[in-house]
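Student: So that we are looking at the same thing, I have put the structure below in structure tokens.
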4 protein chains.
Amino acid sequence: MSISFEIDERVAAVARRTTEFVRDVVIPEEQACGGNVHDGPEPLRRRLQEAARAAGVFAPHVGEEFGGLGLDLRGQAVVFEAAGYSLLGPLALNCAAPDEGNMHLLEVVATEEQKERFLHPLAAGEVRSCFAMTEPAPGAGSDPRALTTTATKTDGGWRIDGRKWFISGADGAAFAICMARTSGGPGDAGGATMFLVDAGNPGMKIVRNIDTLDQGLFGGHSEVVFEGCEVADSDVLGEVDQGFRYAQVRLGPARMTHCMRWLGVARRAQDIALERAADRSAFGGPLAELGMVQQLLADSEIDIETSRAVLWRACWELDQGRSAAQHTSIAKTYVSEAVNRVVDRAVQVCGALGISGDAPLSRLYREVRPFRIYDGPSETHRWAIAKRAVRAAKERRAAQ
Amino acid sequence: MSISFEIDERVAAVARRTTEFVRDVVIPEEQACGGNVHDGPEPLRRRLQEAARAAGVFAPHVGEEFGGLGLDLRGQAVVFEAAGYSLLGPLALNCAAPDEGNMHLLEVVATEEQKERFLHPLAAGEVRSCFAMTEPAPGAGSDPRALTTTATKTDGGWRIDGRKWFISGADGAAFAICMARTSGGPGDAGGATMFLVDAGNPGMKIVRNIDTLDQGLFGGHSEVVFEGCEVADSDVLGEVDQGFRYAQVRLGPARMTHCMRWLGVARRAQDIALERAADRSAFGGPLAELGMVQQLLADSEIDIETSRAVLWRACWELDQGRSAAQHTSIAKTYVSEAVNRVVDRAVQVCGALGISGDAPLSRLYREVRPFRIYDGPSETHRWAIAKRAVRAAKERRAAQ
Amino acid sequence: MSISFEIDERVAAVARRTTEFVRDVVIPEEQACGGNVHDGPEPLRRRLQEAARAAGVFAPHVGEEFGGLGLDLRGQAVVFEAAGYSLLGPLALNCAAPDEGNMHLLEVVATEEQKERFLHPLAAGEVRSCFAMTEPAPGAGSDPRALTTTATKTDGGWRIDGRKWFISGADGAAFAICMARTSGGPGDAGGATMFLVDAGNPGMKIVRNIDTLDQGLFGGHSEVVFEGCEVADSDVLGEVDQGFRYAQVRLGPARMTHCMRWLGVARRAQDIALERAADRSAFGGPLAELGMVQQLLADSEIDIETSRAVLWRACWELDQGRSAAQHTSIAKTYVSEAVNRVVDRAVQVCGALGISGDAPLSRLYREVRPFRIYDGPSETHRWAIAKRAVRAAKERRAAQ
Amino acid sequence: MSISFEIDERVAAVARRTTEFVRDVVIPEEQACGGNVHDGPEPLRRRLQEAARAAGVFAPHVGEEFGGLGLDLRGQAVVFEAAGYSLLGPLALNCAAPDEGNMHLLEVVATEEQKERFLHPLAAGEVRSCFAMTEPAPGAGSDPRALTTTATKTDGGWRIDGRKWFISGADGAAFAICMARTSGGPGDAGGATMFLVDAGNPGMKIVRNIDTLDQGLFGGHSEVVFEGCEVADSDVLGEVDQGFRYAQVRLGPARMTHCMRWLGVARRAQDIALERAADRSAFGGPLAELGMVQQLLADSEIDIETSRAVLWRACWELDQGRSAAQHTSIAKTYVSEAVNRVVDRAVQVCGALGISGDAPLSRLYREVRPFRIYDGPSETHRWAIAKRAVRAAKERRAAQ
């Protein structure tokens, strides 16, 4: 076995179908939600997912026993990028955040009974879900140990109390996976537990949908309050006090799937810029002949290629069963920032058109900025990358 | 006379009053238009301008004979920055684009009769105006010589035909200053003329308001069609065929007043970030003690100080009666990009809060991106800066 | 076959041996040439190459029939990076520029007789060589078509006339591969031919060794004059008028092998910075705990990982027998710039030590700057990258 | 008084004379030291200073009672930039580091007797001096409080012991101003004292001249050991234990004079690039017509203009008698980084020529890198800038 960038034939076929599906079916539907996917109508989601199923591209990341295509992360990297070409593409394939990450978590951690109840309908696109971890300051944000939501043992179950925000997809979700502290206090590492909470639970309330810069996620981001929220022991996901560990199970790959979809966004923006540069004339010649425009276009090609290569690397590491924390931190930081640069340049190449709603660029511009904050801000990842590199240097020296 | 950064005492007093007025009166009104100034209600504008007049800060740039404070550009630089601290501040002081630039143009070029009819009510805030120059591709954009709108001589007047877009403030304006070709063809430099067109003219129609990334300009940006639009000879602003020259009269200072207001936006964003960094804790200490956050904050201080210094330089050059093309190109390019960086960093420091509508940052983020395109994209300015520098180098050598 | 970053076991073994060899044998020899490899003594080269042979790491890129290890480009990528950890490493392994590229060119293009005469001794390290293409302005530089050196047909041979500069390794080389125009004129694409010229040829003279910022190449860079330089028909390398095509045969892989070695330089610089950050205290704690230092270190880890990934991608493309022009342009541009950033940051982390000769960093800093110019400046590559991307976009659209 | 960028007529005249002097006298002498000013011969210094005196541009910063022109910092800003156009210019005008800063310090702090003995001959160019503060790790570097060199009270004087490095100009200096701890221990703020030490003192030894990336400072940078170095009470400069305070007196303006000279370096590099771009053809037209080259040139013009503006601002603040710590930190950080960018771009525009010794660019490239470390590395200044900005934000809020 040696270094290879060969795409598996089966994966290549799914990717081709996805590209055509997005081009022929999904993009024409983009106007249906006026660019604001946050408030997208449920029938649109149903319609898109039906079409994806018909096109043979539905749920590429899900195990075949749950109706998916069972691709590993490298396969997902290729297909999700193709899906991400439209903000609606991942929704159509049922591989959008946060459902996609939740499916992965449930596959790895849930009991058979929980899989039946939660994973099956989710994988089938019958319901949506959310992941309730982030809290407003001074709670769990970029520092997960600041977790303040608590779960207290009751007779036969638990009572959850706390406030969460930026809970993506909460509005309309059939259930939440809620992270709550079961031992220790804010600032401690240990002692979080994950709970499966039905949307109908009277102790869980969506108090508002947050107005955010991005608008590309079905259901948007909500603020959710847990107040005397009672759940049964059978609603514990995995083991008690293992929540922080499971969060890593979810977040490592979830960061990468985010990057895959974002890369599709970058490719879309760059293609719009390339076509514009080819078509539009200025100063006596096509835009594409102007050196500064060429520099913008070339820099974006470089950003996309380097992003894809480093992302595939991290996916390969994860596919080998390694934790790959350094690789995923590097990929997440680099790709999220590169994608921002690519979209920013595309806006510049397109000028007035780029900032108007007449091209999708102004939507994409809003969409990609939060990537540098969601899933751990760049600063947190850089801190972790440096710490690991320094530790490795010390170990190297000690070994000599 | 030698180099000085001393602010004239009278200017300093107006700036102090403006700062207090923005803080006490304008910012509390921000929620009134829900962050979307494009669709802001007329009563809000009236209310704010009344208050500004009462506070003694109304129309700082307008000559005293037209009811203003008569500040030169350096004075405007100080006061407009203070006004720009809120997106509504310049509107309140009646120094927002495009009215502010139109007032300047009318003061310099209009006949007495035209001043009476157009400048007086505009300076008094009784009406608004717009400047109809930019055209959709392949018309006049970053290359003004591509102008396609034409004005044809008729008996006793002119007939204007063409399509304009990104006409800021058109919706609700009492009149437009329209730029049309009166000799030559697209690609030629010469032969444009400016016309004063009443909003009631049946030949001028607003065909839509453009959905843009920015939302901070009262009246938004419209697409406007001139179709058989008849105007009288007395509606010619200045001389026939001198339009390109007048455009420079307007654009040189107008670029600088844009920069002044943007600098206020940057200062606002940075102040929000500084307060957040001072208040919020993460990883066991205040955010403001983390090195990477300090770097973000320091870089923004540097960007703001360098922007202000280079902007004041260009204003001083203009106040000396020089064309200052190189200085204004440099200031416009640098300040527009620096302001983007400052707001971007502030978003990053504030994390989730930064991308939510809970802080004004996500609005400001949308607002500043188009600055790198409006008033000549950075690329066009860089092209001009390099050309002038090369020409100067050749002349230097020839002189030796 | 699917995406893989697995390093072939045999390659991994060579790389391990190379790492140890560089650490134990090569680095201790660095002081022998006082950091200035340009003027390095021939006995040092002999000694290092003997040691490399003994360590089983000599000539990893050369076919086994010529005494090498026969690694493909992906294998070279791994091993050359390990060699590049010292500026003397590639010399020791006989895989330094320009010899390494010349060996490749000769393997592909030379006749059996030429291989015997030129390739065998070169691959064995018995002699060195040079590649005489670049000319001072207005000749062939970043634009190869500007070639002014001419070769005129004589009876039974050719006469070469022209001036070359930046001819790496010329001083001490046993032969040159000289590129001369055999049809057309400056500005034309077609009509160059490659000639093998013995160092003893009286028509070829080294007129000076150029004082350059970099000093890491054995033999340095010379200015070479061809004046009535007579060569036989049998000294034509490949076919007449095919020189530009062969240049691509040489330059595609040669760019990548440059990147591999540079990546070793970057890794060295970063390791020095990491150790310094771990050891040195400032402001009451280890440097490695300061956020801004962490940012410098993390950014360099990111630069190195992305560089490696995108470089391996290009190597894989070339190993598949593809021209891979877009991939090699992207890799060359990105890696050469990333390497500069990494070394620059390492200097900053090390402070005064970084700019003194007490650490190798100041040498490395000088060394890497020219990479952004050698082998096609970044601007030329960006121009080519943009052109290809625009062309591909047009083809995509035409195909729909 | 209001904002002005008018250069005082007397200053303008000195600057004009300096520009001509540098062009006609200094630049032709550059080859005399082969680009390596560190090892420049003393007769060269004498010759240049005589010529400067004859040209009426000698010692522009020194008070008239000491034979100088008595310019304030704004005046120096204009003249030193003109002098810095050649690396030898400041030496010629006797305004190079470290002498220039030492003269300022002596003017402010020394007794009449000390002025007579040290300042007079220094200002007249009869002797050179050095400032012995920086120590190798873990001593005083970017953190001055880490000072380890001690001065112990003896009968009638002091005994200094410690090791200093990067002591610029020590080799050949007639005296040193040495900073030593007189109370407290490493890590404490308080308790340093400055001493005037004659070069003949047997307790002060230059142990080596450090090989550094930069080579533009007469005398280079030395490592100096103080061992049982006895000085009299009358050699105390200013008051005992006030050394840290005096260091600020010296460093604030000294940072700015550094920036002034560097700006001259940047201007030189940019002028070389502009001339090259105007002269050289590539790809069928002059380099200066290529968009990416224009971008490089324009970005450097922007860097130079913004640097000058922000530097003048800091100088004006200092001229008002303010401490201006925030302004000088901002100017030092920005200008040192901008100058690096400008020289780097000039190298890129000039290609192979840029990295060869045929143009001065490769010298300038080496020269400017240490600026981001000398006089407080950028990171230390950014840390201070952020701290002051956060403190100011807290005070603003408290005041409301």
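Simple scheme: letters A, B, ... for chains in structure tokens order, numbers from 1 for residues in each chain, numbers from 1 for ligands in the order shown.
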Need to verify the contact set: Phe66 (chain C), 12 Å, only C-alpha atoms, exclusion of same-chain residues closer than 2 positions in sequence. Can you return it as an MDAnalysis selection string?
Tutor: chainID C and resid 58:64 68:70 103:104 106:107 115:116 118:125
Student: For Arg159 (chain C), list every protein, DNA or RNA residue within 12 Å, evaluated using only C-alpha atoms, and leave out those in the same chain fewer than 2 positions away; present the list as a PyMOL selection string.
Tutor: chain C and resi 149-157+161-162+178+180-182+195+197+201-204+226-233+235-236
Student: Hey, can you spit out that residue selection with C-alpha atoms as a short mmCIF file (atom, residue, chain, number, x, y, z; two decimals), in the first residue's frame?
Tutor:
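Writing done, so here's result.cif:
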data_model
loop_
_atom_site.label_atom_id
_atom_site.label_comp_id
_atom_site.auth_asym_id
_atom_site.auth_seq_id
_atom_site.Cartn_x
_atom_site.Cartn_y
_atom_site.Cartn_z
CA THR C 149 21.31 32.03 -26.80
CA THR C 150 21.61 30.51 -30.26
CA ALA C 151 22.99 27.30 -31.69
CA THR C 152 23.93 27.45 -35.37
CA LYS C 153 24.40 24.34 -37.48
CA THR C 154 27.96 23.72 -38.52
CA ASP C 155 29.44 20.88 -40.41
CA GLY C 156 28.98 17.83 -38.19
CA GLY C 157 27.87 19.84 -35.22
CA ASP C 161 26.69 31.61 -28.55
CA GLY C 162 25.06 33.38 -25.67
CA CYS C 178 22.76 23.97 -22.41
CA ALA C 180 19.90 27.21 -27.12
CA ARG C 181 17.60 28.48 -29.81
CA THR C 182 17.80 26.51 -33.04
CA PHE C 195 23.18 20.29 -25.84
CA VAL C 197 28.73 20.49 -23.25
CA ASN C 201 35.10 22.95 -23.98
CA PRO C 202 37.06 26.17 -24.60
CA GLY C 203 33.88 27.88 -25.88
CA MET C 204 32.22 27.72 -22.45
CA PHE C 226 29.15 30.51 -24.55
CA GLU C 227 31.26 31.99 -27.31
CA GLY C 228 31.85 30.04 -30.47
CA CYS C 229 31.25 26.94 -28.40
CA GLU C 230 31.51 23.97 -30.80
CA VAL C 231 29.74 20.70 -30.03
CA ALA C 232 29.19 17.57 -32.09
CA ASP C 233 25.86 16.29 -33.41
CA ASP C 235 26.02 16.05 -28.13
CA VAL C 236 22.46 16.96 -28.96
#
Student: Tell me which protein, DNA and RNA residues are within 9 Å of Thr134 (chain C), counting only C-alpha atoms, leaving out same-chain ones fewer than 2 positions away, and put them as an MDAnalysis selection string.
Tutor: chainID C and resid 131:132 136 139:142 144 147 163:167 179
Student: I need the residues from that last selection saved to file as a PDB file, in the first residue's frame (with C-alpha atoms), if you can.
Tutor:
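Output below, filename part_17.pdb:
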ATOM      1  CA  PHE C 131      21.692  23.079 -16.429  1.00  0.00           C
ATOM      2  CA  ALA C 132      22.292  26.215 -18.478  1.00  0.00           C
ATOM      3  CA  PRO C 136      20.045  37.776 -17.866  1.00  0.00           C
ATOM      4  CA  GLY C 139      16.719  36.825 -22.185  1.00  0.00           C
ATOM      5  CA  ALA C 140      15.001  33.695 -20.920  1.00  0.00           C
ATOM      6  CA  GLY C 141      13.901  34.162 -17.329  1.00  0.00           C
ATOM      7  CA  SER C 142      10.418  33.572 -16.053  1.00  0.00           C
ATOM      8  CA  PRO C 144      11.381  30.806 -21.380  1.00  0.00           C
ATOM      9  CA  LEU C 147      15.589  32.627 -25.102  1.00  0.00           C
ATOM     10  CA  ARG C 163      25.130  34.365 -22.027  1.00  0.00           C
ATOM     11  CA  LYS C 164      23.559  32.465 -19.127  1.00  0.00           C
ATOM     12  CA  TRP C 165      23.352  33.308 -15.451  1.00  0.00           C
ATOM     13  CA  PHE C 166      22.180  31.760 -12.237  1.00  0.00           C
ATOM     14  CA  ILE C 167      23.612  28.493 -13.554  1.00  0.00           C
ATOM     15  CA  MET C 179      19.525  25.228 -23.889  1.00  0.00           C
TER      16      MET C 179
END
Student: For a quick test of understanding: name the residues of chain D lying within 6 Å of chain C when counting only C-alpha atoms, and present them as a PyMOL selection string.
Tutor: chain D and resi 211-213+351+355-357+362+373
Student: Need the shell around His38 (chain A): protein/DNA/RNA residues with any atom at most 12 Å away, counting only C-alpha atoms. Skip same-chain ones fewer than 6 positions apart. Format as a ChimeraX atom specification?
Tutor: /A:45,87-88,91,168-172,209-222,367
Student: For Gln295 (chain C), which residue among C:Ala174, C:Leu311, C:Asn36, C:Val342 is the nearest when counting only C-alpha atoms?
Tutor: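 That would be C:Val342, the residue with the smallest distance to Gln295 (chain C).
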Student: So which bits of region 10-176 of chain A end up strand (DSSP E) when you DSSP the backbone, as a list in words?
Tutor: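 So the strand (DSSP E) residues in region 10-176 of chain A would be Ser129, Cys130, Phe131, Ala132, Thr150, Ala151, Thr152, Lys153, Thr154, Gly157, Trp158, Arg159, Ile160, Asp161, Gly162, Arg163, Lys164, Trp165, Phe166, Ile167, Ser168, Phe175 and Ala176 of chain A.
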